[in-house]
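Data from work_7.pdb: PDB, C-alpha atoms
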```pdb
ATOM      1  CA  MET A1106     121.868  95.531 104.941  1.00  0.00           C
ATOM      2  CA  VAL A1107     119.480  96.492 107.729  1.00  0.00           C
ATOM      3  CA  ILE A1108     116.111  97.994 106.960  1.00  0.00           C
ATOM      4  CA  SER A1109     113.790  99.070 109.747  1.00  0.00           C
ATOM      5  CA  ALA A1110     110.455 100.786 109.860  1.00  0.00           C
ATOM      6  CA  THR A1111     108.983 102.140 113.063  1.00  0.00           C
ATOM      7  CA  GLY A1112     105.500 103.230 113.953  1.00  0.00           C
ATOM      8  CA  ALA A1113     103.012 103.645 116.747  1.00  0.00           C
ATOM      9  CA  ARG A1114     102.214 100.716 119.003  1.00  0.00           C
ATOM     10  CA  GLY A1115      98.694  99.813 119.894  1.00  0.00           C
ATOM     11  CA  ALA A1116      97.424  97.444 117.199  1.00  0.00           C
ATOM     12  CA  SER A1117      95.917  95.175 119.839  1.00  0.00           C
ATOM     13  CA  THR A1118      95.036  97.779 122.452  1.00  0.00           C
ATOM     14  CA  GLY A1119      92.674  99.884 120.391  1.00  0.00           C
ATOM     15  CA  SER A1120      94.925 102.938 120.613  1.00  0.00           C
ATOM     16  CA  GLY A1121      96.308 102.530 117.074  1.00  0.00           C
ATOM     17  CA  PRO A1122      95.545 100.906 113.747  1.00  0.00           C
ATOM     18  CA  THR A1123      93.925  97.496 113.870  1.00  0.00           C
ATOM     19  CA  THR A1124      95.956  94.427 113.020  1.00  0.00           C
ATOM     20  CA  ALA A1125      93.766  93.832 109.984  1.00  0.00           C
ATOM     21  CA  ARG A1126      94.375  97.384 108.744  1.00  0.00           C
ATOM     22  CA  LEU A1127      98.135  97.034 109.266  1.00  0.00           C
ATOM     23  CA  ARG A1128      98.111  93.796 107.272  1.00  0.00           C
ATOM     24  CA  GLU A1129      96.160  95.492 104.504  1.00  0.00           C
ATOM     25  CA  ARG A1130      98.614  98.418 104.419  1.00  0.00           C
ATOM     26  CA  CYS A1131     101.517  95.956 104.168  1.00  0.00           C
ATOM     27  CA  ARG A1132      99.760  94.096 101.355  1.00  0.00           C
ATOM     28  CA  GLU A1133      99.082  97.366  99.499  1.00  0.00           C
ATOM     29  CA  THR A1134     102.671  98.524  99.897  1.00  0.00           C
ATOM     30  CA  VAL A1135     104.139  95.225  98.701  1.00  0.00           C
ATOM     31  CA  THR A1136     101.774  95.167  95.729  1.00  0.00           C
ATOM     32  CA  ALA A1137     102.614  98.757  94.807  1.00  0.00           C
ATOM     33  CA  ARG A1138     106.374  97.994  94.895  1.00  0.00           C
ATOM     34  CA  GLN A1139     106.158  94.529  93.337  1.00  0.00           C
ATOM     35  CA  ASP A1140     107.449  95.476  89.876  1.00  0.00           C
ATOM     36  CA  ASP A1141     110.409  97.385  91.343  1.00  0.00           C
ATOM     37  CA  VAL A1142     111.360  94.509  93.641  1.00  0.00           C
ATOM     38  CA  ILE A1143     111.110  91.924  90.848  1.00  0.00           C
ATOM     39  CA  ALA A1144     113.223  94.119  88.550  1.00  0.00           C
ATOM     40  CA  LEU A1145     115.784  94.466  91.358  1.00  0.00           C
ATOM     41  CA  SER A1146     115.821  90.696  91.839  1.00  0.00           C
ATOM     42  CA  HIS A1147     116.469  90.124  88.140  1.00  0.00           C
ATOM     43  CA  SER A1148     119.184  92.790  88.102  1.00  0.00           C
ATOM     44  CA  LEU A1149     120.987  91.307  91.126  1.00  0.00           C
ATOM     45  CA  HIS A1150     120.805  87.840  89.616  1.00  0.00           C
ATOM     46  CA  ALA A1151     122.198  89.084  86.293  1.00  0.00           C
ATOM     47  CA  GLU A1152     125.269  90.648  87.982  1.00  0.00           C
ATOM     48  CA  PRO A1153     126.399  88.327  90.794  1.00  0.00           C
ATOM     49  CA  GLU A1154     129.090  89.708  93.099  1.00  0.00           C
ATOM     50  CA  LEU A1155     131.298  87.811  95.551  1.00  0.00           C
ATOM     51  CA  ALA A1156     131.348  88.328  99.338  1.00  0.00           C
ATOM     52  CA  CYS A1157     132.250  91.876 100.415  1.00  0.00           C
ATOM     53  CA  GLU A1158     132.363  92.912  96.747  1.00  0.00           C
ATOM     54  CA  GLU A1159     128.608  93.560  96.313  1.00  0.00           C
ATOM     55  CA  HIS A1160     129.107  97.243  95.512  1.00  0.00           C
ATOM     56  CA  ARG A1161     126.677  97.428  92.563  1.00  0.00           C
ATOM     57  CA  SER A1162     124.093  95.316  94.375  1.00  0.00           C
ATOM     58  CA  ALA A1163     124.282  97.323  97.597  1.00  0.00           C
ATOM     59  CA  LYS A1164     123.876 100.555  95.629  1.00  0.00           C
ATOM     60  CA  LYS A1165     120.871  99.197  93.729  1.00  0.00           C
ATOM     61  CA  ILE A1166     119.123  98.075  96.914  1.00  0.00           C
ATOM     62  CA  ALA A1167     119.948 101.248  98.867  1.00  0.00           C
ATOM     63  CA  ASP A1168     118.774 103.409  95.952  1.00  0.00           C
ATOM     64  CA  LEU A1169     115.490 101.485  95.777  1.00  0.00           C
ATOM     65  CA  VAL A1170     114.653 101.851  99.470  1.00  0.00           C
ATOM     66  CA  GLU A1171     115.823 105.461  99.484  1.00  0.00           C
ATOM     67  CA  GLY A1172     113.463 106.111  96.561  1.00  0.00           C
ATOM     68  CA  ALA A1173     110.687 104.594  98.652  1.00  0.00           C
ATOM     69  CA  GLY A1174     111.237 107.233 101.334  1.00  0.00           C
ATOM     70  CA  PHE A1175     113.648 105.525 103.722  1.00  0.00           C
ATOM     71  CA  ARG A1176     116.575 107.455 105.213  1.00  0.00           C
ATOM     72  CA  VAL A1177     119.646 105.540 104.049  1.00  0.00           C
ATOM     73  CA  GLU A1178     123.022 105.504 105.792  1.00  0.00           C
ATOM     74  CA  ARG A1179     125.637 103.878 103.567  1.00  0.00           C
ATOM     75  CA  GLY A1180     128.900 102.276 104.656  1.00  0.00           C
ATOM     76  CA  VAL A1181     127.714 101.331 108.143  1.00  0.00           C
ATOM     77  CA  CYS A1182     130.015  99.399 110.473  1.00  0.00           C
ATOM     78  CA  GLY A1183     132.963 100.321 108.287  1.00  0.00           C
ATOM     79  CA  LEU A1184     131.721  98.157 105.406  1.00  0.00           C
ATOM     80  CA  PRO A1185     131.320  99.967 102.082  1.00  0.00           C
ATOM     81  CA  THR A1186     128.698  97.415 100.986  1.00  0.00           C
ATOM     82  CA  ALA A1187     126.570  97.739 104.149  1.00  0.00           C
ATOM     83  CA  PHE A1188     123.759 100.192 104.733  1.00  0.00           C
ATOM     84  CA  SER A1189     120.980 100.950 107.162  1.00  0.00           C
ATOM     85  CA  ALA A1190     117.601 102.272 106.033  1.00  0.00           C
ATOM     86  CA  THR A1191     115.041 103.742 108.430  1.00  0.00           C
ATOM     87  CA  ALA A1192     111.536 105.160 108.101  1.00  0.00           C
ATOM     88  CA  GLY A1193     108.965 106.398 110.590  1.00  0.00           C
ATOM     89  CA  SER A1194     109.121 106.830 114.331  1.00  0.00           C
ATOM     90  CA  GLY A1195     107.494 105.336 117.376  1.00  0.00           C
ATOM     91  CA  GLY A1196     107.591 102.224 119.476  1.00  0.00           C
ATOM     92  CA  LEU A1197     106.955  99.469 116.935  1.00  0.00           C
ATOM     93  CA  VAL A1198     110.123  98.453 115.104  1.00  0.00           C
ATOM     94  CA  ILE A1199     110.355  96.054 112.173  1.00  0.00           C
ATOM     95  CA  GLY A1200     113.848  95.077 111.097  1.00  0.00           C
ATOM     96  CA  ILE A1201     115.101  93.161 108.094  1.00  0.00           C
ATOM     97  CA  CYS A1202     118.673  91.954 108.046  1.00  0.00           C
ATOM     98  CA  ALA A1203     119.788  90.348 104.790  1.00  0.00           C
ATOM     99  CA  GLU A1204     123.089  88.921 103.662  1.00  0.00           C
ATOM    100  CA  TYR A1205     123.760  87.545 100.230  1.00  0.00           C
ATOM    101  CA  ASP A1206     126.596  87.038  97.806  1.00  0.00           C
ATOM    102  CA  ALA A1207     127.532  84.892  94.854  1.00  0.00           C
ATOM    103  CA  LEU A1208     129.780  81.859  95.046  1.00  0.00           C
ATOM    104  CA  PRO A1209     133.032  81.727  93.069  1.00  0.00           C
ATOM    105  CA  GLY A1210     132.557  79.811  89.826  1.00  0.00           C
ATOM    106  CA  ILE A1211     128.833  79.377  90.454  1.00  0.00           C
ATOM    107  CA  GLY A1212     127.310  82.832  90.649  1.00  0.00           C
ATOM    108  CA  THR A1213     124.120  83.021  92.648  1.00  0.00           C
ATOM    109  CA  SER A1214     123.594  79.832  94.610  1.00  0.00           C
ATOM    110  CA  TYR A1215     119.853  80.135  94.990  1.00  0.00           C
ATOM    111  CA  ARG A1216     117.187  79.071  92.540  1.00  0.00           C
ATOM    112  CA  ARG A1217     115.111  81.943  91.318  1.00  0.00           C
ATOM    113  CA  SER A1218     111.428  81.550  92.019  1.00  0.00           C
ATOM    114  CA  ILE A1219     110.414  84.950  90.668  1.00  0.00           C
ATOM    115  CA  PRO A1220     109.477  84.970  86.974  1.00  0.00           C
TER     116      PRO A1220
END
```

Using the file provided, produce a representation of the structure as structure tokens.
Amino acid sequence: MVISATGARGASTGSGPTTARLRERCRETVTARQDDVIALSHSLHAEPELACEEHRSAKKIADLVEGAGFRVERGVCGLPTAFSATAGSGGLVIGICAEYDALPGIGTSYRRSIP
């Protein structure tokens, strides 16, 4: 999964939003989406899928970011469980690359820290 958001540069040059305002916008966005992300986390944990078999999980994540306004391309790089999600335009690019899967006989190998 690759998620990227692009926007105008200039946070430190005075030609764009201030760094403080960008941080506040990020905080507001995360807070607004918090319940959806926590529900997604619980759903993924409840249905662990092994490597390259994360079809339900990939769909859930892609649907969530698509619902948030990202353009989603599914099946990237020839992998049915991979997707790329993009929003915005401009010089500043933020990318998130995540990889996860369950382990055979164990399920999810991480300890949940989200209630």

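Rounded to one decimal, CA of Gly1210 in chain A and CA of Leu1155 in chain A lie 9.9 Å from each other.
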
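Note on the selection: in this file the PyMOL selection byres ((chain A and resi 1204) around 12) comes out as Met1106, Val1107, Ile1108, Leu1155, Ala1156, Cys1157, Glu1159, Ser1162, Ala1163, Thr1186, Ala1187, Phe1188, Ile1201, Cys1202, Ala1203, Tyr1205, Asp1206 and Ala1207 of chain A.
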
Å distance separating CA of Glu1158 in chain A from CA of Pro1209 in chain A, one decimal place
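So the answer is 11.8 Å.
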
Residues picked by the PyMOL selection byres ((chain A and resi 1137-1150) around 8) here, as a list in words?
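Applying the PyMOL selection byres ((chain A and resi 1137-1150) around 8) to the structure shown produces Glu1133, Thr1134, Val1135, Thr1136, Ala1151, Glu1152, Pro1153, Ser1162, Lys1165, Ile1166, Leu1169, Thr1213 and Ile1219 of chain A.
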
Atom pair CA of Thr1124 in chain A / CA of Ser1189 in chain A: separation (Å)
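Those two atoms sit 26.5 Å apart.
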
Can you give me all heavy atoms for range 1121-1132 of chain A, written as a PDB file, in the frame of the given file?
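The resulting file, out_28.pdb, is reproduced below:
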```pdb
ATOM      1  N   GLY A1121      95.670 102.322 118.367  1.00  0.00           N
ATOM      2  CA  GLY A1121      96.308 102.530 117.074  1.00  0.00           C
ATOM      3  C   GLY A1121      95.572 101.771 116.007  1.00  0.00           C
ATOM      4  O   GLY A1121      94.446 101.315 116.208  1.00  0.00           O
ATOM      5  N   PRO A1122      96.182 101.630 114.845  1.00  0.00           N
ATOM      6  CA  PRO A1122      95.545 100.906 113.747  1.00  0.00           C
ATOM      7  C   PRO A1122      95.265  99.457 114.137  1.00  0.00           C
ATOM      8  O   PRO A1122      96.004  98.870 114.917  1.00  0.00           O
ATOM      9  CB  PRO A1122      96.569 100.968 112.626  1.00  0.00           C
ATOM     10  CG  PRO A1122      97.579 101.982 113.036  1.00  0.00           C
ATOM     11  CD  PRO A1122      97.503 102.103 114.517  1.00  0.00           C
ATOM     12  N   THR A1123      94.228  98.897 113.594  1.00  0.00           N
ATOM     13  CA  THR A1123      93.925  97.496 113.870  1.00  0.00           C
ATOM     14  C   THR A1123      94.919  96.606 113.155  1.00  0.00           C
ATOM     15  O   THR A1123      95.525  96.992 112.162  1.00  0.00           O
ATOM     16  CB  THR A1123      92.507  97.138 113.410  1.00  0.00           C
ATOM     17  OG1 THR A1123      92.468  97.248 111.976  1.00  0.00           O
ATOM     18  CG2 THR A1123      91.465  98.030 114.044  1.00  0.00           C
ATOM     19  N   THR A1124      95.062  95.392 113.647  1.00  0.00           N
ATOM     20  CA  THR A1124      95.956  94.427 113.020  1.00  0.00           C
ATOM     21  C   THR A1124      95.534  94.182 111.583  1.00  0.00           C
ATOM     22  O   THR A1124      96.382  94.117 110.684  1.00  0.00           O
ATOM     23  CB  THR A1124      95.963  93.112 113.823  1.00  0.00           C
ATOM     24  OG1 THR A1124      96.395  93.391 115.153  1.00  0.00           O
ATOM     25  CG2 THR A1124      96.885  92.099 113.198  1.00  0.00           C
ATOM     26  N   ALA A1125      94.253  94.063 111.342  1.00  0.00           N
ATOM     27  CA  ALA A1125      93.766  93.832 109.984  1.00  0.00           C
ATOM     28  C   ALA A1125      94.139  94.990 109.064  1.00  0.00           C
ATOM     29  O   ALA A1125      94.541  94.779 107.918  1.00  0.00           O
ATOM     30  CB  ALA A1125      92.256  93.627 109.984  1.00  0.00           C
ATOM     31  N   ARG A1126      94.020  96.217 109.561  1.00  0.00           N
ATOM     32  CA  ARG A1126      94.375  97.384 108.744  1.00  0.00           C
ATOM     33  C   ARG A1126      95.875  97.434 108.476  1.00  0.00           C
ATOM     34  O   ARG A1126      96.299  97.773 107.376  1.00  0.00           O
ATOM     35  CB  ARG A1126      93.916  98.684 109.417  1.00  0.00           C
ATOM     36  CG  ARG A1126      94.240  99.926 108.641  1.00  0.00           C
ATOM     37  CD  ARG A1126      93.530  99.965 107.284  1.00  0.00           C
ATOM     38  NE  ARG A1126      94.090 101.039 106.484  1.00  0.00           N
ATOM     39  CZ  ARG A1126      94.484 100.929 105.230  1.00  0.00           C
ATOM     40  NH1 ARG A1126      94.332  99.792 104.597  1.00  0.00           N
ATOM     41  NH2 ARG A1126      94.997 101.945 104.586  1.00  0.00           N
ATOM     42  N   LEU A1127      96.690  97.078 109.470  1.00  0.00           N
ATOM     43  CA  LEU A1127      98.135  97.034 109.266  1.00  0.00           C
ATOM     44  C   LEU A1127      98.502  95.989 108.214  1.00  0.00           C
ATOM     45  O   LEU A1127      99.350  96.235 107.350  1.00  0.00           O
ATOM     46  CB  LEU A1127      98.861  96.747 110.573  1.00  0.00           C
ATOM     47  CG  LEU A1127      98.855  97.875 111.605  1.00  0.00           C
ATOM     48  CD1 LEU A1127      99.449  97.393 112.920  1.00  0.00           C
ATOM     49  CD2 LEU A1127      99.607  99.084 111.088  1.00  0.00           C
ATOM     50  N   ARG A1128      97.864  94.832 108.282  1.00  0.00           N
ATOM     51  CA  ARG A1128      98.111  93.796 107.272  1.00  0.00           C
ATOM     52  C   ARG A1128      97.735  94.295 105.888  1.00  0.00           C
ATOM     53  O   ARG A1128      98.450  94.058 104.919  1.00  0.00           O
ATOM     54  CB  ARG A1128      97.318  92.537 107.604  1.00  0.00           C
ATOM     55  CG  ARG A1128      97.901  91.726 108.707  1.00  0.00           C
ATOM     56  CD  ARG A1128      97.164  90.418 108.871  1.00  0.00           C
ATOM     57  NE  ARG A1128      97.667  89.722 110.010  1.00  0.00           N
ATOM     58  CZ  ARG A1128      96.923  89.108 110.903  1.00  0.00           C
ATOM     59  NH1 ARG A1128      95.610  89.089 110.774  1.00  0.00           N
ATOM     60  NH2 ARG A1128      97.467  88.495 111.921  1.00  0.00           N
ATOM     61  N   GLU A1129      96.601  94.971 105.792  1.00  0.00           N
ATOM     62  CA  GLU A1129      96.160  95.492 104.504  1.00  0.00           C
ATOM     63  C   GLU A1129      97.139  96.544 103.977  1.00  0.00           C
ATOM     64  O   GLU A1129      97.453  96.557 102.784  1.00  0.00           O
ATOM     65  CB  GLU A1129      94.756  96.073 104.612  1.00  0.00           C
ATOM     66  CG  GLU A1129      94.190  96.565 103.294  1.00  0.00           C
ATOM     67  CD  GLU A1129      94.131  95.505 102.203  1.00  0.00           C
ATOM     68  OE1 GLU A1129      93.986  94.303 102.521  1.00  0.00           O
ATOM     69  OE2 GLU A1129      94.250  95.877 101.018  1.00  0.00           O
ATOM     70  N   ARG A1130      97.626  97.408 104.840  1.00  0.00           N
ATOM     71  CA  ARG A1130      98.614  98.418 104.419  1.00  0.00           C
ATOM     72  C   ARG A1130      99.896  97.750 103.928  1.00  0.00           C
ATOM     73  O   ARG A1130     100.474  98.181 102.926  1.00  0.00           O
ATOM     74  CB  ARG A1130      98.928  99.381 105.559  1.00  0.00           C
ATOM     75  CG  ARG A1130      97.812 100.384 105.803  1.00  0.00           C
ATOM     76  CD  ARG A1130      98.086 101.310 106.950  1.00  0.00           C
ATOM     77  NE  ARG A1130      99.351 102.015 106.797  1.00  0.00           N
ATOM     78  CZ  ARG A1130      99.957 102.660 107.783  1.00  0.00           C
ATOM     79  NH1 ARG A1130      99.411 102.695 108.989  1.00  0.00           N
ATOM     80  NH2 ARG A1130     101.093 103.281 107.586  1.00  0.00           N
ATOM     81  N   CYS A1131     100.332  96.698 104.612  1.00  0.00           N
ATOM     82  CA  CYS A1131     101.517  95.956 104.168  1.00  0.00           C
ATOM     83  C   CYS A1131     101.262  95.338 102.796  1.00  0.00           C
ATOM     84  O   CYS A1131     102.112  95.429 101.900  1.00  0.00           O
ATOM     85  CB  CYS A1131     101.881  94.862 105.167  1.00  0.00           C
ATOM     86  SG  CYS A1131     102.603  95.481 106.690  1.00  0.00           S
ATOM     87  N   ARG A1132     100.114  94.718 102.631  1.00  0.00           N
ATOM     88  CA  ARG A1132      99.760  94.096 101.355  1.00  0.00           C
ATOM     89  C   ARG A1132      99.740  95.141 100.237  1.00  0.00           C
ATOM     90  O   ARG A1132     100.269  94.912  99.147  1.00  0.00           O
ATOM     91  CB  ARG A1132      98.404  93.407 101.463  1.00  0.00           C
ATOM     92  CG  ARG A1132      98.011  92.601 100.243  1.00  0.00           C
ATOM     93  CD  ARG A1132      96.699  91.840 100.445  1.00  0.00           C
ATOM     94  NE  ARG A1132      96.864  90.800 101.455  1.00  0.00           N
ATOM     95  CZ  ARG A1132      96.299  90.815 102.675  1.00  0.00           C
ATOM     96  NH1 ARG A1132      95.510  91.805 103.033  1.00  0.00           N
ATOM     97  NH2 ARG A1132      96.501  89.843 103.521  1.00  0.00           N
TER      98      ARG A1132
END
```
